[in-house]
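Asks: Structure: upload_26.tsv, TSV, C-alpha atoms.
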chain	number	residue	atom	x	y	z
A	10	MET	CA	11.28	-26.69	-69.26
A	11	GLU	CA	7.97	-25.29	-68.06
A	12	ARG	CA	6.93	-22.37	-70.20
A	13	THR	CA	6.33	-19.98	-67.31
A	14	THR	CA	9.78	-20.67	-65.81
A	15	LEU	CA	11.38	-20.12	-69.19
A	16	ASP	CA	9.53	-16.85	-69.64
A	17	LEU	CA	10.57	-15.77	-66.16
A	18	TRP	CA	14.25	-16.48	-66.81
A	19	VAL	CA	14.23	-14.76	-70.19
A	20	GLY	CA	12.41	-11.80	-68.67
A	21	LEU	CA	14.95	-11.53	-65.88
A	22	PHE	CA	17.80	-11.82	-68.39
A	23	VAL	CA	16.46	-9.08	-70.64
A	24	LEU	CA	15.74	-6.80	-67.68
A	25	ALA	CA	19.23	-7.37	-66.27
A	26	GLY	CA	20.77	-6.58	-69.66
A	27	LEU	CA	18.74	-3.41	-70.06
A	28	GLY	CA	19.57	-2.52	-66.46
A	29	ALA	CA	23.26	-2.86	-67.24
A	30	LEU	CA	22.83	-0.58	-70.25
A	31	VAL	CA	21.01	2.01	-68.16
A	32	PHE	CA	23.74	1.75	-65.53
A	33	LEU	CA	26.38	2.36	-68.21
A	34	ALA	CA	24.44	5.29	-69.64
A	35	MET	CA	23.59	6.99	-66.35
A	36	LYS	CA	26.33	6.16	-63.89
A	37	VAL	CA	29.31	5.65	-66.22
A	38	GLY	CA	28.48	7.89	-69.16
A	39	ASN	CA	27.41	11.49	-68.99
A	40	ILE	CA	23.98	11.18	-70.57
A	41	GLY	CA	21.33	13.28	-68.90
A	42	SER	CA	23.92	15.68	-67.56
A	43	PHE	CA	24.09	17.77	-70.65
A	44	ASP	CA	23.78	16.31	-74.13
A	45	ALA	CA	20.01	16.07	-74.22
A	46	GLY	CA	19.37	19.84	-73.99
A	47	LYS	CA	18.87	22.24	-76.87
A	48	THR	CA	21.82	24.39	-77.78
A	49	TYR	CA	22.63	27.49	-79.81
A	50	ALA	CA	25.89	27.90	-81.70
A	51	VAL	CA	28.23	30.84	-81.23
A	52	THR	CA	31.56	31.23	-83.01
A	53	ALA	CA	34.75	32.57	-81.52
A	54	ARG	CA	38.06	33.27	-83.25
A	55	PHE	CA	41.29	32.47	-81.48
A	56	ASP	CA	44.88	33.13	-82.53
A	57	ASN	CA	45.81	29.77	-81.01
A	58	VAL	CA	43.59	26.99	-79.69
A	59	GLY	CA	46.44	24.93	-78.22
A	60	GLY	CA	45.25	21.42	-77.48
A	61	LEU	CA	41.54	22.21	-77.49
A	62	LYS	CA	39.45	19.29	-78.73
A	63	VAL	CA	35.98	18.98	-80.18
A	64	ARG	CA	33.49	18.17	-77.38
A	65	ALA	CA	35.68	19.91	-74.78
A	66	PRO	CA	33.52	21.66	-72.17
A	67	VAL	CA	32.56	25.32	-72.29
A	68	LYS	CA	32.49	26.62	-68.73
A	69	SER	CA	31.28	29.77	-67.14
A	70	ALA	CA	32.20	30.34	-63.50
A	71	GLY	CA	33.44	26.76	-63.52
A	72	VAL	CA	30.08	25.28	-64.47
A	73	VAL	CA	29.71	23.42	-67.77
A	74	VAL	CA	27.30	25.44	-69.96
A	75	GLY	CA	28.10	23.95	-73.36
A	76	ARG	CA	30.52	22.04	-75.53
A	77	VAL	CA	32.91	22.81	-78.35
A	78	GLY	CA	31.12	21.80	-81.54
A	79	GLU	CA	33.69	22.38	-84.24
A	80	ILE	CA	37.24	23.64	-84.66
A	81	ARG	CA	38.48	24.75	-88.07
A	82	PHE	CA	41.23	26.88	-89.50
A	83	SER	CA	40.35	30.04	-91.36
A	84	PRO	CA	42.89	30.58	-94.16
A	85	LYS	CA	41.68	34.16	-94.68
A	86	ASN	CA	43.17	35.63	-91.53
A	87	TYR	CA	45.08	32.60	-90.24
A	88	GLU	CA	42.94	32.17	-87.18
A	89	ALA	CA	41.23	29.22	-85.57
A	90	VAL	CA	37.44	29.36	-85.70
A	91	VAL	CA	35.77	27.54	-82.82
A	92	VAL	CA	32.03	26.86	-82.74
A	93	LEU	CA	30.64	26.74	-79.21
A	94	ASN	CA	27.32	24.97	-78.65
A	95	ILE	CA	25.85	26.62	-75.58
A	96	ASN	CA	22.83	25.25	-73.72
A	97	SER	CA	19.74	27.28	-74.55
A	98	ALA	CA	18.95	27.56	-70.85
A	99	TYR	CA	21.92	29.91	-70.42
A	100	LYS	CA	21.93	33.35	-72.07
A	101	PHE	CA	25.08	35.41	-72.30
A	102	PRO	CA	25.49	39.12	-73.15
A	103	THR	CA	26.90	39.92	-76.60
A	104	ASP	CA	30.10	41.36	-75.15
A	105	SER	CA	31.01	38.18	-73.29
A	106	SER	CA	34.59	37.02	-73.69
A	107	ALA	CA	35.95	33.55	-74.34
A	108	SER	CA	39.37	32.29	-73.34
A	109	ILE	CA	41.01	28.89	-73.53
A	110	MET	CA	42.07	27.56	-70.15
A	111	THR	CA	43.61	24.39	-68.83
A	112	SER	CA	42.08	22.55	-65.91
A	113	GLY	CA	45.00	21.85	-63.63
A	114	LEU	CA	48.58	21.96	-64.82
A	115	LEU	CA	48.33	19.06	-67.26
A	116	GLY	CA	44.57	18.65	-67.49
A	117	GLU	CA	42.34	18.94	-70.53
A	118	GLN	CA	41.67	22.32	-72.09
A	119	TYR	CA	38.31	24.04	-72.00
A	120	VAL	CA	36.74	27.30	-73.10
A	121	ALA	CA	35.95	29.72	-70.30
A	122	LEU	CA	33.13	32.18	-70.96
A	123	GLU	CA	33.12	35.42	-69.01
A	124	ALA	CA	29.80	37.24	-69.08
A	125	GLY	CA	29.85	40.88	-70.22
A	126	ALA	CA	27.58	43.77	-69.32
A	127	GLU	CA	25.64	44.32	-72.55
A	128	GLU	CA	21.84	44.26	-72.47
A	129	LYS	CA	21.54	42.28	-75.70
A	130	MET	CA	21.96	38.53	-75.46
A	131	LEU	CA	23.88	36.21	-77.78
A	132	VAL	CA	21.78	34.31	-80.31
A	133	GLN	CA	22.44	31.50	-82.78
A	134	GLY	CA	25.21	32.41	-85.24
A	135	ASP	CA	26.73	35.31	-83.30
A	136	THR	CA	30.47	35.82	-83.00
A	137	LEU	CA	32.31	36.54	-79.79
A	138	LYS	CA	34.57	39.56	-80.23
A	139	ILE	CA	36.79	39.37	-77.19
A	140	THR	CA	38.83	36.18	-77.09
A	141	GLN	CA	42.07	35.01	-75.61
A	142	GLY	CA	43.88	32.00	-77.04
A	143	ALA	CA	45.61	29.20	-75.24
A	144	VAL	CA	48.77	29.87	-73.30
A	145	VAL	CA	51.59	27.93	-74.88
A	146	LEU	CA	53.77	26.55	-72.14
A	147	GLU	CA	56.93	26.75	-74.25
A	148	ASN	CA	56.45	30.48	-74.87
A	149	LEU	CA	55.86	31.00	-71.19
A	150	ILE	CA	59.06	29.20	-70.32
A	151	GLY	CA	60.85	31.22	-72.99
A	152	GLN	CA	59.58	34.47	-71.53
A	153	PHE	CA	60.60	33.33	-68.08
A	154	LEU	CA	64.09	32.42	-69.25
A	155	TYR	CA	64.60	35.80	-70.86
A	156	GLY	CA	63.35	37.57	-67.82
A	157	LYS	CA	60.18	38.91	-69.36
A	158	THR	CA	56.95	39.03	-67.49
A	159	GLY	CA	53.82	37.45	-68.89
A	160	ASP	CA	52.40	40.83	-69.84
A	161	ALA	CA	53.80	41.87	-73.21
A	162	SER	CA	52.61	45.48	-72.95
A	163	LYS	CA	54.94	46.29	-70.04
A	164	PRO	CA	58.38	47.55	-70.92
A	165	THR	CA	60.76	44.68	-70.52
A	166	THR	CA	64.00	44.88	-68.68
A	167	PRO	CA	66.79	42.83	-70.19
A	168	ALA	CA	68.13	40.05	-68.06
A	169	LYS	CA	71.56	40.33	-66.62
B	25	MET	CA	54.07	-28.30	-110.27
B	26	LEU	CA	50.85	-27.91	-112.20
B	27	ASP	CA	49.09	-29.98	-109.56
B	28	ALA	CA	50.22	-27.55	-106.86
B	29	VAL	CA	48.84	-24.61	-108.80
B	30	ARG	CA	45.67	-26.55	-109.44
B	31	SER	CA	45.19	-27.28	-105.73
B	32	VAL	CA	45.62	-23.58	-104.90
B	33	GLY	CA	43.00	-22.78	-107.50
B	34	ARG	CA	40.63	-25.43	-106.22
B	35	ARG	CA	40.94	-24.17	-102.63
B	36	THR	CA	40.32	-20.60	-103.69
B	37	ILE	CA	37.24	-21.58	-105.68
B	38	ASP	CA	35.97	-23.75	-102.82
B	39	GLY	CA	36.52	-20.94	-100.34
B	40	ILE	CA	34.67	-18.39	-102.44
B	41	TRP	CA	31.88	-20.87	-103.12
B	42	ARG	CA	31.48	-21.59	-99.40
B	43	MET	CA	31.42	-17.89	-98.64
B	44	GLY	CA	28.73	-17.40	-101.23
B	45	VAL	CA	26.68	-20.23	-99.76
B	46	ALA	CA	27.10	-18.68	-96.30
B	47	VAL	CA	25.88	-15.29	-97.52
B	48	ARG	CA	22.89	-16.89	-99.24
B	49	PHE	CA	22.20	-18.84	-96.07
B	50	PHE	CA	22.27	-15.58	-94.08
B	51	GLY	CA	19.88	-13.97	-96.57
B	52	LEU	CA	17.57	-16.95	-96.42
B	53	THR	CA	17.56	-16.76	-92.61
B	54	LEU	CA	16.55	-13.10	-92.75
B	55	VAL	CA	13.82	-13.83	-95.30
B	56	HIS	CA	12.38	-16.59	-93.12
B	57	SER	CA	12.50	-14.51	-89.93
B	58	GLY	CA	8.78	-13.77	-90.02
B	59	ILE	CA	8.08	-16.86	-87.96
B	60	CYS	CA	9.88	-15.26	-85.00
B	61	LEU	CA	7.14	-12.61	-84.81
B	62	ARG	CA	4.34	-15.13	-85.24
B	63	ARG	CA	5.75	-17.55	-82.65
B	64	PRO	CA	7.86	-15.54	-80.22
B	65	GLN	CA	8.03	-18.57	-77.94
B	66	LEU	CA	10.60	-20.11	-80.28
B	67	VAL	CA	12.88	-17.09	-79.89
B	68	MET	CA	12.32	-17.07	-76.11
B	69	ARG	CA	13.67	-20.59	-75.89
B	70	GLU	CA	16.79	-19.62	-77.83
B	71	ILE	CA	17.36	-16.50	-75.73
B	72	PHE	CA	17.26	-18.83	-72.76
B	73	SER	CA	19.83	-21.27	-74.14
B	74	ALA	CA	22.12	-18.68	-75.72
B	75	GLY	CA	21.72	-15.80	-73.26
B	76	VAL	CA	20.55	-16.95	-69.85
B	77	LEU	CA	22.82	-20.00	-69.77
B	78	SER	CA	25.84	-17.83	-70.77
B	79	LEU	CA	25.07	-15.44	-67.93
B	80	ILE	CA	27.30	-17.00	-65.28
B	81	ILE	CA	30.46	-17.17	-67.37
B	82	ILE	CA	29.89	-13.60	-68.63
B	83	VAL	CA	29.23	-12.12	-65.20
B	84	VAL	CA	32.13	-13.92	-63.50
B	85	SER	CA	34.64	-13.12	-66.26
B	86	GLY	CA	33.46	-9.51	-66.35
B	87	LEU	CA	33.99	-9.18	-62.62
B	88	PHE	CA	37.48	-10.67	-62.77
B	89	VAL	CA	38.56	-8.70	-65.84
B	90	GLY	CA	37.44	-5.52	-64.06
B	91	MET	CA	39.27	-6.43	-60.86
B	92	VAL	CA	42.50	-7.18	-62.76
B	93	LEU	CA	42.14	-3.90	-64.65
B	94	GLY	CA	41.71	-2.14	-61.33
B	95	LEU	CA	44.88	-3.68	-59.88
B	96	GLN	CA	47.05	-3.24	-62.96
B	97	GLY	CA	45.74	0.22	-63.72
B	98	TYR	CA	46.40	1.33	-60.17
B	99	GLU	CA	49.98	0.04	-60.32
B	100	THR	CA	50.70	2.07	-63.45
B	101	LEU	CA	48.71	5.21	-62.61
B	102	GLN	CA	50.30	5.36	-59.17
B	103	THR	CA	53.70	6.10	-60.72
B	104	TYR	CA	52.22	9.25	-62.24
B	105	GLY	CA	50.33	10.17	-59.10
B	106	SER	CA	46.97	10.08	-60.83
B	107	GLU	CA	45.19	7.18	-59.15
B	108	GLU	CA	41.92	9.08	-59.46
B	109	ALA	CA	41.95	8.39	-63.20
B	110	LEU	CA	41.48	4.67	-62.42
B	111	GLY	CA	37.74	4.97	-63.02
B	112	VAL	CA	38.34	6.46	-66.47
B	113	LEU	CA	40.82	3.75	-67.38
B	114	VAL	CA	38.61	0.88	-66.25
B	115	ALA	CA	35.41	2.28	-67.77
B	116	LEU	CA	36.84	3.30	-71.13
B	117	SER	CA	38.75	0.11	-71.74
B	118	LEU	CA	35.73	-2.00	-70.79
B	119	VAL	CA	33.03	-0.05	-72.59
B	120	ARG	CA	35.00	0.53	-75.78
B	121	GLU	CA	36.94	-2.69	-76.23
B	122	LEU	CA	37.04	-5.39	-73.61
B	123	GLY	CA	33.30	-5.56	-72.97
B	124	PRO	CA	32.17	-6.25	-76.55
B	125	VAL	CA	35.24	-8.26	-77.59
B	126	VAL	CA	35.74	-10.54	-74.59
B	127	ALA	CA	31.99	-11.06	-74.18
B	128	ALA	CA	31.77	-12.00	-77.87
B	129	LEU	CA	34.72	-14.41	-77.59
B	130	LEU	CA	33.11	-16.07	-74.58
B	131	PHE	CA	29.77	-16.08	-76.37
B	132	ALA	CA	31.34	-17.77	-79.41
B	133	SER	CA	32.82	-20.55	-77.32
B	134	ARG	CA	29.85	-20.93	-74.99
B	135	ALA	CA	26.79	-20.40	-77.21
B	136	GLY	CA	28.20	-20.54	-80.75
B	137	SER	CA	29.69	-23.99	-80.29
B	138	ALA	CA	26.44	-25.22	-78.74
B	139	ILE	CA	24.44	-23.95	-81.72
B	140	THR	CA	26.77	-25.65	-84.20
B	141	ALA	CA	26.76	-28.94	-82.32
B	142	GLU	CA	23.00	-28.90	-81.95
B	143	ILE	CA	22.25	-28.20	-85.62
B	144	GLY	CA	25.02	-30.53	-86.77
B	145	LEU	CA	23.54	-33.36	-84.70
B	146	MET	CA	20.04	-32.53	-85.91
B	147	LYS	CA	21.37	-32.98	-89.40
B	148	ALA	CA	23.33	-36.14	-88.57
B	149	THR	CA	20.26	-37.76	-86.99
B	150	GLU	CA	18.20	-36.68	-90.01
B	151	GLN	CA	15.82	-34.50	-88.03
B	152	ILE	CA	16.27	-31.72	-90.55
B	153	ALA	CA	15.51	-34.05	-93.45
B	154	ALA	CA	12.43	-35.25	-91.53
B	155	MET	CA	11.23	-31.66	-91.16
B	156	GLU	CA	11.57	-31.13	-94.88
B	157	MET	CA	9.55	-34.32	-95.42
B	158	MET	CA	6.78	-32.86	-93.26
B	159	ALA	CA	6.89	-29.64	-95.29
B	160	VAL	CA	8.29	-27.68	-92.34
B	161	ASP	CA	10.98	-25.29	-93.50
B	162	PRO	CA	14.00	-26.05	-91.27
B	163	ILE	CA	15.48	-22.59	-91.90
B	164	ALA	CA	12.35	-20.94	-90.52
B	165	ARG	CA	11.75	-23.45	-87.72
B	166	VAL	CA	15.32	-24.15	-86.55
B	167	VAL	CA	17.72	-21.53	-87.88
B	168	ALA	CA	15.85	-18.22	-87.73
B	169	PRO	CA	14.81	-18.42	-84.04
B	170	ARG	CA	18.37	-19.34	-83.04
B	171	PHE	CA	19.70	-16.42	-85.06
B	172	TRP	CA	17.42	-13.86	-83.44
B	173	GLY	CA	17.76	-15.36	-79.98
B	174	ALA	CA	21.55	-15.07	-80.12
B	175	VAL	CA	21.58	-11.65	-81.78
B	176	ILE	CA	19.27	-10.27	-79.07
B	177	SER	CA	21.31	-11.85	-76.29
B	178	MET	CA	24.74	-10.65	-77.37
B	179	PRO	CA	24.47	-6.87	-76.72
B	180	LEU	CA	22.74	-7.53	-73.41
B	181	LEU	CA	25.54	-9.88	-72.36
B	182	ALA	CA	28.19	-7.36	-73.44
B	183	ALA	CA	26.48	-4.61	-71.43
B	184	MET	CA	26.38	-6.87	-68.38
B	185	PHE	CA	30.04	-7.73	-68.89
B	186	SER	CA	31.01	-4.05	-68.94
B	187	ALA	CA	28.81	-3.19	-65.96
B	188	MET	CA	30.21	-6.08	-63.92
B	189	GLY	CA	33.75	-5.13	-64.95
B	190	ILE	CA	33.29	-1.56	-63.79
B	191	PHE	CA	31.88	-2.89	-60.53
B	192	GLY	CA	34.95	-5.15	-60.22
B	193	GLY	CA	37.25	-2.19	-60.84
B	194	TYR	CA	35.33	-0.25	-58.21
B	195	LEU	CA	35.68	-3.13	-55.73
B	196	VAL	CA	39.45	-3.33	-56.13
B	197	GLY	CA	40.15	0.37	-56.68
B	198	VAL	CA	37.88	2.00	-54.13
B	199	VAL	CA	36.98	-0.65	-51.58
B	200	LEU	CA	40.27	-2.56	-51.47
B	201	ILE	CA	42.99	-0.03	-52.35
B	202	GLY	CA	41.20	3.11	-51.25
B	203	VAL	CA	41.06	5.40	-54.28
B	204	ASP	CA	38.72	8.28	-53.59
B	205	ASP	CA	35.14	7.24	-54.24
B	206	GLY	CA	33.87	10.58	-55.56
B	207	SER	CA	36.66	11.24	-58.04
B	208	PHE	CA	36.53	7.62	-59.27
B	209	TRP	CA	32.96	8.10	-60.47
B	210	SER	CA	33.04	11.78	-61.41
B	211	GLN	CA	36.18	11.50	-63.55
B	212	MET	CA	34.64	8.45	-65.19
B	213	GLN	CA	31.43	10.33	-65.95
B	214	ALA	CA	33.35	13.29	-67.33
B	215	ALA	CA	35.40	11.11	-69.68
B	216	VAL	CA	32.88	8.53	-70.92
B	217	ASP	CA	30.59	9.86	-73.61
B	218	PHE	CA	27.26	8.18	-74.26
B	219	ARG	CA	27.28	8.31	-78.05
B	220	GLN	CA	31.01	8.04	-78.69
B	221	ASP	CA	31.79	5.28	-76.20
B	222	ILE	CA	28.73	3.42	-74.95
B	223	LEU	CA	26.66	3.44	-78.12
B	224	ASN	CA	29.66	2.45	-80.23
B	225	GLY	CA	30.30	-0.42	-77.83
B	226	VAL	CA	26.70	-1.57	-78.25
B	227	ILE	CA	27.01	-1.36	-82.06
B	228	LYS	CA	30.17	-3.44	-81.87
B	229	SER	CA	28.49	-6.11	-79.78
B	230	VAL	CA	25.52	-6.31	-82.19
B	231	VAL	CA	27.89	-6.76	-85.14
B	232	PHE	CA	29.86	-9.43	-83.27
B	233	GLY	CA	26.62	-11.17	-82.31
B	234	VAL	CA	25.50	-11.35	-85.94
B	235	ALA	CA	28.91	-12.58	-87.09
B	236	VAL	CA	29.24	-15.27	-84.42
B	237	THR	CA	25.69	-16.54	-84.89
B	238	VAL	CA	25.84	-16.68	-88.69
B	239	ILE	CA	29.13	-18.56	-88.57
B	240	ALA	CA	27.81	-20.97	-85.91
B	241	LEU	CA	24.54	-21.63	-87.74
B	242	PHE	CA	26.20	-22.06	-91.12
B	243	GLU	CA	28.90	-24.39	-89.81
B	244	GLY	CA	26.25	-26.52	-88.14
B	245	TYR	CA	24.02	-26.60	-91.19
B	246	ASP	CA	26.95	-27.33	-93.47
B	247	ALA	CA	28.57	-30.01	-91.26
B	248	PRO	CA	29.04	-33.50	-92.72
B	249	PRO	CA	26.48	-35.71	-90.95
B	250	THR	CA	29.03	-37.77	-89.04
B	251	ALA	CA	30.41	-37.62	-85.50
B	252	GLU	CA	33.74	-36.41	-86.85
B	253	GLY	CA	32.08	-33.86	-89.11
B	254	VAL	CA	30.12	-32.34	-86.23
B	255	SER	CA	33.18	-32.16	-84.00
B	256	ARG	CA	35.21	-30.48	-86.76
B	257	ALA	CA	32.39	-28.03	-87.46
B	258	THR	CA	32.25	-27.09	-83.76
B	259	THR	CA	35.98	-26.45	-83.66
B	260	ARG	CA	35.76	-24.42	-86.85
B	261	THR	CA	32.96	-22.32	-85.40
B	262	VAL	CA	35.03	-21.27	-82.40
B	263	VAL	CA	38.19	-20.59	-84.42
B	264	THR	CA	36.51	-18.78	-87.30
B	265	SER	CA	34.24	-16.66	-85.16
B	266	SER	CA	37.07	-15.67	-82.79
B	267	LEU	CA	39.15	-14.55	-85.76
B	268	ALA	CA	36.12	-12.79	-87.26
B	269	ILE	CA	35.51	-10.93	-83.97
B	270	LEU	CA	39.09	-9.70	-83.75
B	271	ALA	CA	39.23	-8.66	-87.41
B	272	LEU	CA	35.84	-6.92	-87.27
B	273	ASP	CA	36.86	-5.22	-84.04
B	274	PHE	CA	39.88	-3.69	-85.73
B	275	VAL	CA	37.80	-2.49	-88.68
B	276	LEU	CA	35.04	-1.05	-86.47
B	277	THR	CA	37.53	0.63	-84.13
B	278	ALA	CA	39.30	2.19	-87.10
B	279	PHE	CA	35.98	3.66	-88.24
B	280	MET	CA	34.73	4.73	-84.82
B	281	PHE	CA	37.81	6.19	-83.15
B	282	ARG	CA	39.74	7.76	-85.96
B	283	GLY	CA	40.96	10.50	-83.66
B	284	VAL	CA	38.58	13.29	-82.81
Any chance you could put this one into structure tokens?
Replies:
Amino acid sequence: MERTTLDLWVGLFVLAGLGALVFLAMKVGNIGSFDAGKTYAVTARFDNVGGLKVRAPVKSAGVVVGRVGEIRFSPKNYEAVVVLNINSAYKFPTDSSASIMTSGLLGEQYVALEAGAEEKMLVQGDTLKITQGAVVLENLIGQFLYGKTGDASKPTTPAK
Amino acid sequence: MLDAVRSVGRRTIDGIWRMGVAVRFFGLTLVHSGICLRRPQLVMREIFSAGVLSLIIIVVSGLFVGMVLGLQGYETLQTYGSEEALGVLVALSLVRELGPVVAALLFASRAGSAITAEIGLMKATEQIAAMEMMAVDPIARVVAPRFWGAVISMPLLAAMFSAMGIFGGYLVGVVLIGVDDGSFWSQMQAAVDFRQDILNGVIKSVVFGVAVTVIALFEGYDAPPTAEGVSRATTRTVVTSSLAILALDFVLTAFMFRGV
């Protein structure tokens, strides 16, 4: 085969292959949407993380602002310690609160960040003080069956 | 009785010996790879015969695998009322598993067998011996360019297979059946991770490419220089490399996706 034709075909082949990879990375994967940015790590302690997974999104006002970096168990006070990697572009006050939510009824779980009112902003290594763990569906059903409301602080009336 | 034990022993020793020769052959190929940088035209030619000529079978099978995934996935997801997850199903199964594995199986039967037959015939017609007579190292001149040509082609082919498959799933799911276009792509993008899924798929396809090519080159180089020997070597290439792909895929998957 003529050398120029061969070069042309090989060039087209390599470009098509790289194009397919770029297509996979951009259109199918989520590169460029978040992972590339710099992040700072903040820890939060939860009494129960439910089905939260590493790499689950951290959302504020429904917008993804970071990802869960690490989940470990603290044997000292029997709590779950969750490391949140938050995009450096977003600053949150130190009294922000984190809660574990579920997207939809059976969807994946994510961490919702609610901004506080403090002047000081969270920096690398800080700990969130106000947290709310995952709602366990079984407990909820149990409370419903025994006629309790979701709020434990209210006086409960026994079911008939 | 003793003869039976002896034959088991002989086969074991032969097998280990052959494996050792194959590993040395692989090492020798890597050592003699310098020629590929000095004369890139040699590698170009092999990318053409291993990659460009495999393009049609890869693209068509990718498209059909994706379309079948779209149909079957829709049937199952429909019972749970979550047809929108079709994009996730098609993309994850293609990028993680089907893309690298099926592309490598096709590559082994399309390009691997061709490499074995070509080198086996070169040996049978004493072209390789002639090269040695002319002080041309056949490993550098014949084997190394084929190795690099095929190893470069394989991940590109696997990526094209996955991309075509996702397009096929899109055709059936969105265009034909009518799953919502936006949620098809957005759920896919939310679920597919670049490092965890796409990059691991690329690593898999590179490993498969190396395995298939080394097996094909070694079988060709090792083939008895007869018509029967070449035909047996070609068959062995396809069988051995298919088994190697499946076994390696299990090992790699176990390392890559050991739960999060």
Asks: List as a PDB file with C-alpha atoms, in the frame of the given file the residues having at least one atom at most 12 Å from position (40.7, 0.8, -51.8) as given in the file, counting only C-alpha atoms.
Replies:
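Final output, saved to result_32.pdb:
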ATOM      1  CA  MET B  91      39.270  -6.430 -60.860  1.00  0.00           C
ATOM      2  CA  GLY B  94      41.710  -2.140 -61.330  1.00  0.00           C
ATOM      3  CA  LEU B  95      44.880  -3.680 -59.880  1.00  0.00           C
ATOM      4  CA  TYR B  98      46.400   1.330 -60.170  1.00  0.00           C
ATOM      5  CA  GLU B 107      45.190   7.180 -59.150  1.00  0.00           C
ATOM      6  CA  GLU B 108      41.920   9.080 -59.460  1.00  0.00           C
ATOM      7  CA  LEU B 110      41.480   4.670 -62.420  1.00  0.00           C
ATOM      8  CA  GLY B 192      34.950  -5.150 -60.220  1.00  0.00           C
ATOM      9  CA  GLY B 193      37.250  -2.190 -60.840  1.00  0.00           C
ATOM     10  CA  TYR B 194      35.330  -0.250 -58.210  1.00  0.00           C
ATOM     11  CA  LEU B 195      35.680  -3.130 -55.730  1.00  0.00           C
ATOM     12  CA  VAL B 196      39.450  -3.330 -56.130  1.00  0.00           C
ATOM     13  CA  GLY B 197      40.150   0.370 -56.680  1.00  0.00           C
ATOM     14  CA  VAL B 198      37.880   2.000 -54.130  1.00  0.00           C
ATOM     15  CA  VAL B 199      36.980  -0.650 -51.580  1.00  0.00           C
ATOM     16  CA  LEU B 200      40.270  -2.560 -51.470  1.00  0.00           C
ATOM     17  CA  ILE B 201      42.990  -0.030 -52.350  1.00  0.00           C
ATOM     18  CA  GLY B 202      41.200   3.110 -51.250  1.00  0.00           C
ATOM     19  CA  VAL B 203      41.060   5.400 -54.280  1.00  0.00           C
ATOM     20  CA  ASP B 204      38.720   8.280 -53.590  1.00  0.00           C
ATOM     21  CA  ASP B 205      35.140   7.240 -54.240  1.00  0.00           C
ATOM     22  CA  PHE B 208      36.530   7.620 -59.270  1.00  0.00           C
TER      23      PHE B 208
END
Asks: Which chain A residues have any atom within 10 Å of an atom of chain B, and for each, what is the nearest pair of atoms with distance in Å to one decimal, counting all atoms listed in the file, rows sorted by chain and number, as a Markdown table?
Replies:
| residue | atom | partner | partner_atom | distance |
| --- | --- | --- | --- | --- |
| A:Met10 | CA | B:Arg69 | CA | 9.3 |
| A:Arg12 | CA | B:Gln65 | CA | 8.7 |
| A:Leu15 | CA | B:Phe72 | CA | 7.0 |
| A:Asp16 | CA | B:Met68 | CA | 7.0 |
| A:Leu17 | CA | B:Phe72 | CA | 9.9 |
| A:Trp18 | CA | B:Val76 | CA | 7.0 |
| A:Val19 | CA | B:Phe72 | CA | 5.7 |
| A:Gly20 | CA | B:Met68 | CA | 9.1 |
| A:Leu21 | CA | B:Val76 | CA | 8.7 |
| A:Phe22 | CA | B:Val76 | CA | 6.0 |
| A:Val23 | CA | B:Leu180 | CA | 7.0 |
| A:Leu24 | CA | B:Leu180 | CA | 9.1 |
| A:Ala25 | CA | B:Met184 | CA | 7.5 |
| A:Gly26 | CA | B:Leu180 | CA | 4.3 |
| A:Leu27 | CA | B:Leu180 | CA | 6.6 |
| A:Gly28 | CA | B:Met184 | CA | 8.3 |
| A:Ala29 | CA | B:Met184 | CA | 5.2 |
| A:Leu30 | CA | B:Ala183 | CA | 5.6 |
| A:Val31 | CA | B:Ala183 | CA | 9.2 |
| A:Phe32 | CA | B:Ala187 | CA | 7.1 |
| A:Leu33 | CA | B:Ala187 | CA | 6.5 |
| A:Ala34 | CA | B:Phe218 | CA | 6.1 |
| A:Met35 | CA | B:Gln213 | CA | 8.5 |
| A:Lys36 | CA | B:Gln213 | CA | 6.9 |
| A:Val37 | CA | B:Gln213 | CA | 5.1 |
| A:Gly38 | CA | B:Val216 | CA | 4.8 |
| A:Asn39 | CA | B:Gln213 | CA | 5.2 |
| A:Ile40 | CA | B:Phe218 | CA | 5.8 |
| A:Gly41 | CA | B:Phe218 | CA | 9.5 |
| A:Ser42 | CA | B:Gln213 | CA | 9.4 |
| A:Asp44 | CA | B:Phe218 | CA | 8.8 |
| A:Lys62 | CA | B:Val284 | CA | 7.3 |
| A:Val63 | CA | B:Val284 | CA | 6.8 |
| A:Arg64 | CA | B:Val284 | CA | 8.9 |
| A:Pro66 | CA | B:Ala214 | CA | 9.7 |
Asks: Using only C-alpha atoms, which of B:Val167, B:Val45, B:Leu270, B:Leu93 sits nearest Gly144 (chain B)?
Replies: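 Among the listed residues, B:Val167 lies closest to Gly144 (chain B).
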Asks: Which residues of region 63-97 of chain A come within 10 Å of region 129-140 of chain A, and for each one, what is the closest pair of atoms and their distance in Å to one decimal, counting all atoms listed in the file, sorted by chain and residue number, as a tab-separated table?
Replies:
residue	atom	partner	partner_atom	distance
A:Val90	CA	A:Thr136	CA	9.9
A:Val91	CA	A:Thr136	CA	9.8
A:Val92	CA	A:Thr136	CA	9.1
A:Leu93	CA	A:Thr136	CA	9.8
A:Asn94	CA	A:Gln133	CA	9.1
A:Ile95	CA	A:Gln133	CA	9.3
A:Ser97	CA	A:Val132	CA	9.3
Asks: Kindly list the centre and edge lengths in Å, rounded to one decimal, for the axis-aligned box that covers all listed atoms of region 104-112 of chain A plus 3 Å on each of its six sides, as AutoDock Vina command-line options.
Replies:
--center_x 36.9 --center_y 32.0 --center_z -70.5 --size_x 19.5 --size_y 24.8 --size_z 15.2
